[in-house]
Every structure is written in C-alpha cells, then in structure tokens.
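Quick notes on the structure that follows.
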Amino acid sequence: MSLAGKVAIVGIGQTAFGKGLVPPERALACEAIIAALDDAGIPAQEIDAVSSYTMEATPDYEIVRSVGLGPLHFFSQAPHGGGAGPAAVGHAALAIASGVARNAVVWRARKRSGAGSRVWAQTGAVIEDVWKWSRPSGILRPVDEVAITTRRYFHEYGDGSEALATVATTLRDYAQANPAAMMHGKPMSREAYFQSRMVADPLRLFDNCLESDGACALVLTSAERARDLPGPAVLIEGFSQGLVPGTQPMPDFHRTDTFTNSSAITAANLWRQTDLTPAAVDVAQFYDAFSPLILFSLEAYGFCGRGEARDFILSQGIGAGGALPVNTAGGSLSEAYLHGMNLILEGVRQLRGTAATPVADARVALVTGCDATPNGALLLRRPD
C-alpha cells in the first residue's frame with residue numbers, strides 16, 4: 001500500500017502576518033480555514049476530519065463550532081512544534097487515504113509576538129523536564145541549542161558564515177517579491193547581515209526567525225474528488241515522520257553523531273515510498289527557524305553530501321534561478337514564523353503556479369519540519 005497520489009491539497013488560506021495583531025488566535029484560525037474552504041470549493045459541513053499541532057492553543061471543538069465543520073470522524077494533533085507541520089498534514093492524508101474520512105482541514109494559528117506564548121520563555125526555578133540537561137548550563141533558548149550544533153558543524157567541515165549570510169539575504173530577497181511577507185519592503189544587504197548583533201555565536205540576529213502572529217490552513221480531499229473541484233489540486237506523493245533513537249530535542253549535540261538525526265530518518269523513509277529522487281525536486285521549503293537548519297536539511301534529504309551544504313549554497317544557489325530554489329516566499333526568516341505551516345502553503349503555490357516568485361514549470365516540491373527536533377516531511381507533486 002502507498003499514499004502516493006491518493007490525496008490532494010485542494011485549498012489554502014492565510015491571514016495577514018504581523019506583530020501584535022488584534023484578533024485572538026481562534027479568530028485567526030477561523031479566518032484562515034474559511035479562506036481555505038472557499039479556495040477549495042468544499043462546504044464547511046462536508047469537513048469530517050481536522051488536524052493541528054499539539055501546541056495549538058485553540059481546541060478542535062472550538063474550531064468545529066465556530067466554522068460549522070462536521071460531524072467529525074477523525075481528529076488528530078502532531079507533536080514537536082516545528083516538527084509538526086508536515087505531520088499534521090500527513091495524519092489527515094492518511095485518514096482520507098484509508099477511508100476513515102473524506103475531507104480534512106489542517107490549520108495552525110499563532111500569536112507568537114507575545115513572550116508569554118513562547119515555551120522557552122517560561123523557565124521556572126526548578127526544572128524537571130527534558131530541559132534539565134541544558135538550561136542549568138546557560139543554554140536557555142532554541143537559538144543557543146542550534147548555535148552549539150552549528151559550531152560543531154563548522155568545526156568538522158569549515159566555517160560556514162558566508163553560507164549563512166547567503167541563506168538570510170536570499171530569503172530576504174524572496175520576501176521583497178511577496179507582499180504578504182513581514183519583511184516585504186525591507187531589503188537586507190550582505191553588509192547589514194554581518195553588522196547585525198551576535199545572538200548566540202555563531203548565529204547573528206538575521207539567522208533567527210521572525211516572531212509572528214497569523215494563521216494558515218489547508219483543505220485535503222481524495223484525488224478522485226479533487227478532479228471535480230474548480231481549483232488546481234496538488235497531490236501528496238509521500239509523507240514520513242522521524243524520531244531517531246537517543247534524540248534530545250532540541251540540543252541533539254548529546255548524540256554520538258549529531259547530524260545523523262531525525263531528518264535523516266525521515267528522509268530515508270520518505271524516499272523509500274516513491275520512485276522520485278532528490279534530483280526530481282524543483283523547489284524546497286526547508287524549516288528555517290534558524291538559518292543553519294537549511295544547511296543541515298540539504299544534506300539530510302540528499303541534495304548534497306555530508307559537509308557539502310556550504311559549497312552547494314555558495315556555488316549552486318538556493319535563490320531564484322539557482323540549482324534548488326529554497327523557501328521562495330521568504331520562509332520563517334523573512335515571511336512569517338508559524339511553525340512552518342506557511343512553508344507548506346508556499347509549496348502548494350509553487351506547484352499551482354501562483355507563487356510570488358514562481359519556479360518555472362515546478363512539478364515536485366519538498367516541505368520539511370524542524371531539523372533539530374523529531375519531525376516530518378511531505379513530498380508534493382502536480383497531477384500528471
């Protein structure tokens with residue numbers, strides 16, 4: 001049995017992105033879901049499955065009541081924050097492919113700009129959870145954890161500061177073509193990148209994602225039904241989650257081999273499901289809460305060898321016209337940070353041909369979850 005080609009994404013919707021948006025998270029979620037339903041041409045009462053993140057603040061029953069969904073036959077939540085986006089979509093897709101449900105909504109709403117909404121900002125005087133292995137040593141924030149992994153990478157494979165600068169400036173360039181991006185109209189030079197303050201050596205200010213408010217949603221249905229709907233469908237070719245034994249999210253530097261991680265496990269299982277290879281991917285949306293995650297993901301998903309991502313970025317390119325365009329709406333660094341759900345919408349737009357910076361004749365897109373946590377990935381394709 002295979003998921004390939006059985007389920008389609010037929011609707012996408014989003015709110016405005018920004019800081020300090022007035023509507024509460026539930027209202028933002030409903031706005032995005034209604035927009036996605038309108039895009040799909042499927043009535044709310046025909047949705048019988050919902051999927052979201054375990055970190056979602058709005059309960060599923062509030063969404064069902066507020067939007068008029070249901071009755072439901074399937075409801076699911078995916079864990080691990082930044083690792084959850086592809087998983088939330090994958091769970092709904094599996095429900096449809098197996099016949100448990102017919103039509104699904106997947107959403108993510110977040111008012112991230114308030115410090116109270118950030119898990120890592122809630123450290124107490126006594127630490128009894130997974131963070132007890134790192135926070136007493138002064139590793140308080142996700143950026144501190146990723147910085148240690150990045151420094152390990154630089155130690156093993158050479159300084160990658162120029163590659164990180166290229167990631168940050170390339171994604172900012174993409175945002176200039178995307179009116180919905182928070183950094184639209186705010187170009188950034190390479191000089192400005194290197195002049196920005198160090199946040200956690202070797203990561204500078206612009207290596208960090210935005211803190212954003214907003215919501216995104218998708219509508220899924222069977223590939224068979226998608227053929228009768230008015231809009232362009234995007235098929236799910238493959239889906240996998242990955243959790244490598246011994247993982248310690250997010251400071252995975254405790255493991256013997258830091259870079260044979262959950263992304264490597266996810267990638268191996270994803271490529272196992274399809275005849276497609278990394279060479280077939282026209283555009284990638286890599287989870288980018290921090291710029292080095294793009295280097296790690298390029299290697300984990302097979303676009304280059306171990307330690308080669310720096311040279312891949314500098315010589316082959318991830319910008320428009322490069323060997324592999326990456327995060328073409330600006331990503332979490334320059335469009336918005338919604339735990340990666342906006343990356344999935346951009347993957348769909350690229351295959352529909354409606355992206356602000358379209359990749360010519362894009363037929364296959366890869367979308368990944370957070371490299372530093374247990375995660376997931378989706379392989380999307382245009383119908384033949």
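Labels used: A, B, ... for chains in the order of the structure tokens, numbers from 1 for residues in each chain, and numbers from 1 for ligands as shown.
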
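Residues in contact range of A:Arg190, defined as at most 9 Å between only C-alpha atoms, with sequence neighbours fewer than 6 positions away removed, read Ala165, Thr166, Ala168 and Thr169 of chain A.
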
Selection to disk with N, CA and C atoms, as a compact mmCIF listing (two decimals), in the first residue's frame:
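This went into result-v3.txt:
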```txt
# COMPACT_ATOMS: atom_id res chain seq x y z
N ALA A 165 25.04 33.75 5.67
CA ALA A 165 24.70 35.08 5.13
C ALA A 165 23.91 34.95 3.83
N THR A 166 24.31 34.00 3.00
CA THR A 166 23.59 33.79 1.73
C THR A 166 22.17 33.31 1.98
N ALA A 168 20.28 33.95 4.65
CA ALA A 168 19.49 35.06 5.18
C ALA A 168 19.17 36.10 4.12
N THR A 169 20.14 36.47 3.30
CA THR A 169 19.90 37.51 2.29
C THR A 169 19.05 36.98 1.14
```

Hey, which bits of stretch 136-170 of chain A sit within 6 Å of stretch 294-318 of chain A, and for each residue what's the closest pair of atoms and how far apart in Å (one decimal), counting only C-alpha atoms, rows by chain and increasing number, as a Markdown table?
```
| residue | atom | partner | partner_atom | distance |
| --- | --- | --- | --- | --- |
| A:Tyr157 | CA | A:Gly307 | CA | 5.4 |
| A:Gly160 | CA | A:Arg310 | CA | 5.9 |
| A:Ala163 | CA | A:Arg310 | CA | 5.4 |
```

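Across the model, the gap from atom CA of A:Tyr287 to atom CA of A:Gly82 is 7.5 Å.
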
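Across A:Ser51, A:Thr328, A:Ser334, A:Thr368, the tightest approach to A:Val106 is made by A:Ser51 when counting only C-alpha atoms.
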
re atom CA of A:Gln45 and atom CA of A:Ala226: distance 17.1 Å
